[in-house]
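Asks: Got a structure for you, my_file_8.pdb, holding PDB, C-alpha atoms.
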ATOM      1  CA  GLY A 260     153.284 187.355 122.960
ATOM      2  CA  ARG A 261     151.234 186.822 126.131
ATOM      3  CA  VAL A 262     148.278 185.246 124.373
ATOM      4  CA  ASN A 263     146.620 183.749 127.467
ATOM      5  CA  ASP A 264     146.696 187.084 129.293
ATOM      6  CA  ALA A 265     145.232 188.775 126.229
ATOM      7  CA  LEU A 266     142.498 186.144 126.079
ATOM      8  CA  ASP A 267     141.568 186.720 129.718
ATOM      9  CA  ILE A 268     141.159 190.438 129.049
ATOM     10  CA  LEU A 269     139.228 189.871 125.822
ATOM     11  CA  GLU A 270     136.945 187.322 127.444
ATOM     12  CA  LYS A 271     135.907 189.915 130.032
ATOM     13  CA  ALA A 272     135.519 192.572 127.351
ATOM     14  CA  ALA A 273     133.365 190.276 125.204
ATOM     15  CA  ALA A 274     131.174 189.456 128.193
ATOM     16  CA  SER A 275     130.641 193.168 128.835
ATOM     17  CA  GLN A 276     129.843 193.827 125.147
ATOM     18  CA  PRO A 277     127.834 190.769 124.026
ATOM     19  CA  GLY A 278     126.712 192.466 120.812
ATOM     20  CA  ASN A 279     130.204 193.388 119.570
ATOM     21  CA  ALA A 280     130.872 191.147 116.538
ATOM     22  CA  ALA A 281     134.373 192.479 115.859
ATOM     23  CA  LEU A 282     135.399 191.703 119.436
ATOM     24  CA  ARG A 283     134.087 188.146 119.109
ATOM     25  CA  ASN A 284     136.062 187.736 115.895
ATOM     26  CA  TYR A 285     139.262 189.001 117.510
ATOM     27  CA  TYR A 286     138.726 186.714 120.483
ATOM     28  CA  GLY A 287     138.312 183.812 118.052
ATOM     29  CA  GLN A 288     141.558 184.743 116.301
ATOM     30  CA  LEU A 289     143.521 184.692 119.543
ATOM     31  CA  CYS A 290     141.951 181.375 120.555
ATOM     32  CA  PHE A 291     142.929 179.985 117.144
ATOM     33  CA  LEU A 292     146.526 181.132 117.669
ATOM     34  CA  ALA A 293     146.528 179.503 121.102
ATOM     35  CA  GLY A 294     145.265 176.190 119.692
ATOM     36  CA  ARG A 295     141.912 176.519 121.448
ATOM     37  CA  ASN A 296     139.977 175.552 118.347
ATOM     38  CA  ALA A 297     136.573 174.872 119.894
ATOM     39  CA  GLU A 298     136.532 178.315 121.522
ATOM     40  CA  ALA A 299     137.803 179.891 118.296
ATOM     41  CA  GLU A 300     134.957 178.322 116.346
ATOM     42  CA  GLN A 301     132.442 179.607 118.877
ATOM     43  CA  GLY A 302     133.955 183.095 118.583
ATOM     44  CA  PHE A 303     133.819 183.184 114.777
ATOM     45  CA  THR A 304     130.338 181.654 114.650
ATOM     46  CA  ARG A 305     128.986 184.102 117.205
ATOM     47  CA  ALA A 306     130.580 187.029 115.344
ATOM     48  CA  LEU A 307     128.778 185.987 112.148
ATOM     49  CA  GLU A 308     125.490 185.548 113.996
ATOM     50  CA  LEU A 309     125.842 189.125 115.236
ATOM     51  CA  ASP A 310     127.013 190.474 111.878
ATOM     52  CA  PRO A 311     126.697 188.201 108.823
ATOM     53  CA  ARG A 312     128.583 190.843 106.800
ATOM     54  CA  LEU A 313     131.718 190.509 108.936
ATOM     55  CA  THR A 314     133.576 188.741 106.152
ATOM     56  CA  ASP A 315     136.881 188.590 108.023
ATOM     57  CA  ALA A 316     135.226 186.310 110.582
ATOM     58  CA  ARG A 317     133.974 184.097 107.750
ATOM     59  CA  ASN A 318     137.477 183.811 106.316
ATOM     60  CA  ASN A 319     138.802 182.933 109.781
ATOM     61  CA  LEU A 320     136.100 180.310 110.240
ATOM     62  CA  GLY A 321     137.043 178.762 106.897
ATOM     63  CA  ALA A 322     140.691 178.591 107.974
ATOM     64  CA  LEU A 323     139.673 176.848 111.193
ATOM     65  CA  TYR A 324     137.537 174.344 109.276
ATOM     66  CA  ASP A 325     140.520 173.627 107.020
ATOM     67  CA  VAL A 326     142.924 173.051 109.915
ATOM     68  CA  THR A 327     140.441 170.760 111.650
ATOM     69  CA  GLY A 328     139.902 168.635 108.537
ATOM     70  CA  ARG A 329     136.460 169.903 107.472
ATOM     71  CA  LYS A 330     137.550 170.698 103.951
ATOM     72  CA  ASP A 331     134.112 170.987 102.348
ATOM     73  CA  LEU A 332     132.941 173.456 104.978
ATOM     74  CA  ALA A 333     136.175 175.419 104.586
ATOM     75  CA  GLU A 334     135.691 175.689 100.829
ATOM     76  CA  GLN A 335     132.114 176.897 101.300
ATOM     77  CA  GLN A 336     133.224 179.669 103.635
ATOM     78  CA  PHE A 337     136.098 180.834 101.407
ATOM     79  CA  LEU A 338     133.832 180.966  98.351
ATOM     80  CA  LYS A 339     131.304 183.019 100.320
ATOM     81  CA  VAL A 340     134.112 185.409 101.255
ATOM     82  CA  LEU A 341     134.804 185.986  97.561
ATOM     83  CA  GLU A 342     131.153 186.845  96.999
ATOM     84  CA  ASP A 343     131.668 189.952  99.146
ATOM     85  CA  PHE A 344     133.089 192.452  96.679
ATOM     86  CA  ALA A 345     133.475 195.001  99.487
ATOM     87  CA  TYR A 346     135.906 192.769 101.416
ATOM     88  CA  ALA A 347     139.176 194.638 101.800
ATOM     89  CA  SER A 348     141.481 191.596 101.646
ATOM     90  CA  PRO A 349     140.196 189.134  98.998
ATOM     91  CA  GLU A 350     143.779 187.926  98.468
ATOM     92  CA  LYS A 351     143.501 186.152 101.840
ATOM     93  CA  ALA A 352     140.540 184.101 100.648
ATOM     94  CA  HIS A 353     142.326 183.229  97.396
ATOM     95  CA  LEU A 354     145.370 182.190  99.442
ATOM     96  CA  ASN A 355     143.264 180.008 101.713
ATOM     97  CA  LEU A 356     141.513 178.377  98.764
ATOM     98  CA  GLY A 357     144.879 177.748  97.100
ATOM     99  CA  ILE A 358     146.268 176.057 100.217
ATOM    100  CA  LEU A 359     143.065 174.042 100.626
ATOM    101  CA  TYR A 360     143.043 172.851  97.013
ATOM    102  CA  LEU A 361     146.738 171.988  97.149
ATOM    103  CA  SER A 362     146.123 169.793 100.200
ATOM    104  CA  GLN A 363     143.509 167.943  98.137
ATOM    105  CA  GLY A 364     145.793 167.456  95.136
ATOM    106  CA  ARG A 365     143.843 169.987  93.041
ATOM    107  CA  GLN A 366     147.008 171.633  91.726
ATOM    108  CA  ASP A 367     145.610 173.604  88.803
ATOM    109  CA  GLU A 368     142.856 175.152  90.917
ATOM    110  CA  ALA A 369     145.366 175.906  93.669
ATOM    111  CA  ILE A 370     147.724 177.683  91.282
ATOM    112  CA  THR A 371     144.846 179.689  89.780
ATOM    113  CA  HIS A 372     143.763 181.036  93.164
ATOM    114  CA  LEU A 373     147.303 181.697  94.361
ATOM    115  CA  ARG A 374     148.006 183.662  91.185
ATOM    116  CA  GLN A 375     144.864 185.692  91.822
ATOM    117  CA  ALA A 376     146.071 186.412  95.359
ATOM    118  CA  VAL A 377     149.354 187.943  94.186
ATOM    119  CA  GLU A 378     147.715 189.747  91.278
ATOM    120  CA  ILE A 379     145.433 191.507  93.764
ATOM    121  CA  ASN A 380     148.334 192.304  96.094
ATOM    122  CA  PRO A 381     151.785 192.008  94.473
ATOM    123  CA  LYS A 382     153.439 192.510  97.885
ATOM    124  CA  PHE A 383     151.554 189.624  99.469
ATOM    125  CA  TRP A 384     154.737 187.693 100.214
ATOM    126  CA  ARG A 385     153.021 184.656 101.672
ATOM    127  CA  GLY A 386     150.967 184.400  98.511
ATOM    128  CA  HIS A 387     154.149 184.320  96.445
ATOM    129  CA  PHE A 388     155.662 181.694  98.748
ATOM    130  CA  GLU A 389     152.621 179.408  98.581
ATOM    131  CA  LEU A 390     152.418 179.897  94.809
ATOM    132  CA  ALA A 391     156.073 178.884  94.562
ATOM    133  CA  SER A 392     155.337 175.766  96.621
ATOM    134  CA  ALA A 393     152.417 174.844  94.376
ATOM    135  CA  LEU A 394     154.462 175.365  91.208
ATOM    136  CA  ASP A 395     157.287 173.325  92.732
ATOM    137  CA  LYS A 396     154.916 170.412  93.414
ATOM    138  CA  ALA A 397     153.625 170.693  89.841
ATOM    139  CA  GLY A 398     157.185 170.309  88.506
ATOM    140  CA  ARG A 399     157.325 173.867  87.182
ATOM    141  CA  PHE A 400     160.676 174.564  88.792
ATOM    142  CA  ASP A 401     161.671 177.671  86.836
ATOM    143  CA  GLU A 402     158.459 179.466  87.767
ATOM    144  CA  ALA A 403     158.753 178.183  91.327
ATOM    145  CA  ALA A 404     162.267 179.592  91.726
ATOM    146  CA  ARG A 405     161.111 182.989  90.444
ATOM    147  CA  GLU A 406     158.234 183.080  92.919
ATOM    148  CA  TYR A 407     160.480 181.999  95.782
ATOM    149  CA  GLU A 408     162.758 184.925  94.905
ATOM    150  CA  VAL A 409     159.816 187.327  94.946
ATOM    151  CA  ALA A 410     158.846 186.065  98.424
ATOM    152  CA  SER A 411     162.316 186.755  99.845
ATOM    153  CA  PRO A 412     161.472 190.021 101.700
ATOM    154  CA  ASP A 413     159.405 188.047 104.201
ATOM    155  CA  TYR A 414     161.215 184.689 104.106
ATOM    156  CA  LYS A 415     164.945 185.360 103.717
ATOM    157  CA  GLY A 416     165.460 184.737 107.429
ATOM    158  CA  ASN A 417     163.801 181.302 107.264
ATOM    159  CA  GLY A 418     165.941 178.186 106.859
ATOM    160  CA  GLU A 419     163.166 176.085 105.326
ATOM    161  CA  TYR A 420     162.686 178.771 102.673
ATOM    162  CA  HIS A 421     166.354 178.595 101.676
ATOM    163  CA  TYR A 422     166.179 174.797 101.534
ATOM    164  CA  ARG A 423     163.183 174.922  99.209
ATOM    165  CA  ILE A 424     164.596 177.512  96.833
ATOM    166  CA  GLY A 425     167.956 175.741  96.869
ATOM    167  CA  LEU A 426     166.248 172.505  95.908
ATOM    168  CA  ALA A 427     164.412 174.263  93.073
ATOM    169  CA  TYR A 428     167.713 175.600  91.734
ATOM    170  CA  MET A 429     169.272 172.157  92.035
ATOM    171  CA  LYS A 430     166.447 170.722  89.933
ATOM    172  CA  LEU A 431     167.130 173.491  87.415
ATOM    173  CA  ASP A 432     170.803 172.451  87.281
ATOM    174  CA  GLN A 433     172.028 175.712  88.780
ATOM    175  CA  PRO A 434     174.412 174.333  91.426
ATOM    176  CA  SER A 435     176.007 177.629  92.457
ATOM    177  CA  LYS A 436     172.649 179.145  93.407
ATOM    178  CA  ALA A 437     171.587 175.904  95.076
ATOM    179  CA  ARG A 438     174.782 175.862  97.139
ATOM    180  CA  GLU A 439     174.291 179.455  98.248
ATOM    181  CA  HIS A 440     170.819 178.729  99.593
ATOM    182  CA  PHE A 441     171.715 175.388 101.194
ATOM    183  CA  ILE A 442     174.569 177.047 103.084
ATOM    184  CA  ARG A 443     172.213 179.798 104.210
ATOM    185  CA  CYS A 444     169.736 177.159 105.382
ATOM    186  CA  GLU A 445     172.409 175.569 107.562
ATOM    187  CA  GLU A 446     173.361 178.959 109.000
ATOM    188  CA  LEU A 447     169.787 179.909 109.861
ATOM    189  CA  SER A 448     168.455 176.542 111.068
ATOM    190  CA  PRO A 449     171.339 174.449 112.439
ATOM    191  CA  GLY A 450     170.218 171.025 113.575
ATOM    192  CA  SER A 451     166.873 171.200 111.760
ATOM    193  CA  GLU A 452     165.566 168.630 109.302
ATOM    194  CA  SER A 453     165.911 171.183 106.521
ATOM    195  CA  ALA A 454     169.552 171.813 107.409
ATOM    196  CA  SER A 455     170.231 168.075 107.495
ATOM    197  CA  ARG A 456     168.761 167.627 104.015
ATOM    198  CA  ALA A 457     170.654 170.683 102.783
ATOM    199  CA  TYR A 458     173.905 169.240 104.141
ATOM    200  CA  ASP A 459     173.323 165.953 102.288
ATOM    201  CA  LEU A 460     172.580 167.789  99.043
ATOM    202  CA  LEU A 461     175.632 170.026  99.394
ATOM    203  CA  LYS A 462     177.788 166.890  99.299
ATOM    204  CA  MET A 463     176.334 166.103  95.881
ATOM    205  CA  ILE A 464     177.339 169.474  94.415
ATOM    206  CA  PRO A 465     180.866 169.425  92.876
TER     207      PRO A 465
END
Rewrite the coordinates I just gave you, this time as structure tokens.

Replies:
Amino acid sequence: GRVNDALDILEKAAASQPGNAALRNYYGQLCFLAGRNAEAEQGFTRALELDPRLTDARNNLGALYDVTGRKDLAEQQFLKVLEDFAYASPEKAHLNLGILYLSQGRQDEAITHLRQAVEINPKFWRGHFELASALDKAGRFDEAAREYEVASPDYKGNGEYHYRIGLAYMKLDQPSKAREHFIRCEELSPGSESASRAYDLLKMIP
């Protein structure tokens, strides 16, 4: 958890190995986590200059473009990632494209890519969670609830997750399941916005 200390060490290591693309990519990832976006972009860009086949760096660069509002550039990078059939984690690119398209209101395209992500890796829990969110926004509440349930191994300790699945069950007129998840939301995230909304909805359940 000591990201700044790790960055200091990596910065020295990168300086001593200027031709190491993987090290530049890792440095960029840590900068991204620390919110140092300009340095992260430099790291990913330099990694790709050193090794244009380092597809993980391209996927990371696309994610940074997305977060910083450069949606067209993000899409270009993610699509290039999918052109690399040797890439070990294509589900990550499909996930990123799904999230990007959802942010642009392109629901059908988002759902298509998120489905591809979980088809490639059925235990990609974040993929299932984001697919559930996309289906929820599309009004497909039954499918959304099923996907939320699939995502539970990685999200069952998250209050926002329980609020979302509880809301899906409420929309499906399954009050007992909705109540169970709203109560769990309050237990896990007391005082949060999700818990406050869950509390208000619980009062509506007979």

Asks: Would you kindly return, as an MDAnalysis selection string, each protein, DNA or RNA residue with an atom no farther than 9 Å from any atom of A:Tyr420, considering all atoms listed in the file and excluding same-chain residues fewer than 3 positions away?

Replies: chainID A and resid 388 407 411 414:417 423:425 440 444

Asks: Using only C-alpha atoms, which residues sit within 12 Å of stretch 449-457 of chain A once same-chain residues fewer than 3 positions away are excluded, as a list in words?

Replies: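 The residues satisfying every condition are Asn417, Gly418, Glu419, Tyr420, His421, Tyr422, Arg423, Ile424, Gly425, Leu426, Met429, Ala437, Arg438, Glu439, His440, Phe441, Ile442, Arg443, Cys444, Glu445, Glu446, Leu460, Leu461, Lys462, Met463 and Ile464 of chain A.
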
Asks: In Å, with one decimal, what is the gap from atom CA of A:Leu289 to atom CA of A:Gly302?

Replies: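 Atom-to-atom, atom CA of A:Leu289 to atom CA of A:Gly302, that is 9.7 Å.
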
Asks: Which value, in Å to one decimal, gives the distance between atom CA of A:Gly260 and atom CA of A:Gly328?

Replies: 27.2 Å

Asks: Which one is closest to A:Leu394: A:Glu368, A:Asp267, A:Asp459, A:Asp310? Count all atoms listed in the file.

Replies: A:Glu368

Asks: At a cut-off of 7 Å, using all atoms listed in the file, what residues contact A:His387? Leave out same-chain residues fewer than 3 positions from it and give the result as a PyMOL selection string.

Replies: chain A and resi 377+383-384+390-391+406-407+409-410

Asks: Can you patch up stretch 309-327 of chain A, filling it in to N, CA, C and O atoms, and show the result as a PDB file, in the frame of the given file?

Replies:
ATOM      1  N   LEU A 309     126.062 187.717 114.911  1.00  0.00           N
ATOM      2  CA  LEU A 309     125.842 189.125 115.236  1.00  0.00           C
ATOM      3  C   LEU A 309     125.911 190.016 114.006  1.00  0.00           C
ATOM      4  O   LEU A 309     125.174 190.991 113.897  1.00  0.00           O
ATOM      5  N   ASP A 310     126.824 189.661 113.087  1.00  0.00           N
ATOM      6  CA  ASP A 310     127.013 190.474 111.878  1.00  0.00           C
ATOM      7  C   ASP A 310     127.393 189.569 110.709  1.00  0.00           C
ATOM      8  O   ASP A 310     128.576 189.285 110.490  1.00  0.00           O
ATOM      9  N   PRO A 311     126.414 189.099 109.956  1.00  0.00           N
ATOM     10  CA  PRO A 311     126.697 188.201 108.823  1.00  0.00           C
ATOM     11  C   PRO A 311     127.580 188.829 107.749  1.00  0.00           C
ATOM     12  O   PRO A 311     128.131 188.125 106.910  1.00  0.00           O
ATOM     13  N   ARG A 312     127.742 190.154 107.786  1.00  0.00           N
ATOM     14  CA  ARG A 312     128.583 190.843 106.800  1.00  0.00           C
ATOM     15  C   ARG A 312     130.025 190.996 107.273  1.00  0.00           C
ATOM     16  O   ARG A 312     130.839 191.606 106.563  1.00  0.00           O
ATOM     17  N   LEU A 313     130.341 190.424 108.427  1.00  0.00           N
ATOM     18  CA  LEU A 313     131.718 190.509 108.936  1.00  0.00           C
ATOM     19  C   LEU A 313     132.550 189.423 108.235  1.00  0.00           C
ATOM     20  O   LEU A 313     132.793 188.340 108.765  1.00  0.00           O
ATOM     21  N   THR A 314     132.963 189.735 107.035  1.00  0.00           N
ATOM     22  CA  THR A 314     133.576 188.741 106.152  1.00  0.00           C
ATOM     23  C   THR A 314     134.907 188.228 106.696  1.00  0.00           C
ATOM     24  O   THR A 314     135.283 187.079 106.437  1.00  0.00           O
ATOM     25  N   ASP A 315     135.617 189.048 107.443  1.00  0.00           N
ATOM     26  CA  ASP A 315     136.881 188.590 108.023  1.00  0.00           C
ATOM     27  C   ASP A 315     136.648 187.406 108.956  1.00  0.00           C
ATOM     28  O   ASP A 315     137.449 186.462 108.976  1.00  0.00           O
ATOM     29  N   ALA A 316     135.556 187.433 109.699  1.00  0.00           N
ATOM     30  CA  ALA A 316     135.226 186.310 110.582  1.00  0.00           C
ATOM     31  C   ALA A 316     134.914 185.060 109.764  1.00  0.00           C
ATOM     32  O   ALA A 316     135.263 183.935 110.151  1.00  0.00           O
ATOM     33  N   ARG A 317     134.276 185.236 108.618  1.00  0.00           N
ATOM     34  CA  ARG A 317     133.974 184.097 107.750  1.00  0.00           C
ATOM     35  C   ARG A 317     135.260 183.469 107.203  1.00  0.00           C
ATOM     36  O   ARG A 317     135.399 182.245 107.136  1.00  0.00           O
ATOM     37  N   ASN A 318     136.202 184.319 106.809  1.00  0.00           N
ATOM     38  CA  ASN A 318     137.477 183.811 106.316  1.00  0.00           C
ATOM     39  C   ASN A 318     138.214 183.056 107.421  1.00  0.00           C
ATOM     40  O   ASN A 318     138.804 181.996 107.190  1.00  0.00           O
ATOM     41  N   ASN A 319     138.170 183.604 108.641  1.00  0.00           N
ATOM     42  CA  ASN A 319     138.802 182.933 109.781  1.00  0.00           C
ATOM     43  C   ASN A 319     138.139 181.594 110.086  1.00  0.00           C
ATOM     44  O   ASN A 319     138.822 180.610 110.391  1.00  0.00           O
ATOM     45  N   LEU A 320     136.822 181.560 109.998  1.00  0.00           N
ATOM     46  CA  LEU A 320     136.100 180.310 110.240  1.00  0.00           C
ATOM     47  C   LEU A 320     136.477 179.266 109.198  1.00  0.00           C
ATOM     48  O   LEU A 320     136.678 178.085 109.524  1.00  0.00           O
ATOM     49  N   GLY A 321     136.610 179.690 107.940  1.00  0.00           N
ATOM     50  CA  GLY A 321     137.043 178.762 106.897  1.00  0.00           C
ATOM     51  C   GLY A 321     138.421 178.199 107.182  1.00  0.00           C
ATOM     52  O   GLY A 321     138.672 176.994 106.997  1.00  0.00           O
ATOM     53  N   ALA A 322     139.343 179.058 107.652  1.00  0.00           N
ATOM     54  CA  ALA A 322     140.691 178.591 107.974  1.00  0.00           C
ATOM     55  C   ALA A 322     140.659 177.574 109.104  1.00  0.00           C
ATOM     56  O   ALA A 322     141.393 176.578 109.085  1.00  0.00           O
ATOM     57  N   LEU A 323     139.795 177.804 110.085  1.00  0.00           N
ATOM     58  CA  LEU A 323     139.673 176.848 111.193  1.00  0.00           C
ATOM     59  C   LEU A 323     139.105 175.517 110.702  1.00  0.00           C
ATOM     60  O   LEU A 323     139.588 174.444 111.081  1.00  0.00           O
ATOM     61  N   TYR A 324     138.087 175.579 109.843  1.00  0.00           N
ATOM     62  CA  TYR A 324     137.537 174.344 109.276  1.00  0.00           C
ATOM     63  C   TYR A 324     138.619 173.571 108.524  1.00  0.00           C
ATOM     64  O   TYR A 324     138.689 172.334 108.603  1.00  0.00           O
ATOM     65  N   ASP A 325     139.460 174.283 107.788  1.00  0.00           N
ATOM     66  CA  ASP A 325     140.520 173.627 107.020  1.00  0.00           C
ATOM     67  C   ASP A 325     141.492 172.912 107.954  1.00  0.00           C
ATOM     68  O   ASP A 325     141.805 171.732 107.764  1.00  0.00           O
ATOM     69  N   VAL A 326     141.949 173.615 108.977  1.00  0.00           N
ATOM     70  CA  VAL A 326     142.924 173.051 109.915  1.00  0.00           C
ATOM     71  C   VAL A 326     142.359 171.838 110.649  1.00  0.00           C
ATOM     72  O   VAL A 326     143.083 170.894 110.954  1.00  0.00           O
ATOM     73  N   THR A 327     141.060 171.860 110.905  1.00  0.00           N
ATOM     74  CA  THR A 327     140.441 170.760 111.650  1.00  0.00           C
ATOM     75  C   THR A 327     139.862 169.685 110.736  1.00  0.00           C
ATOM     76  O   THR A 327     139.090 168.825 111.184  1.00  0.00           O
TER      77      THR A 327
END
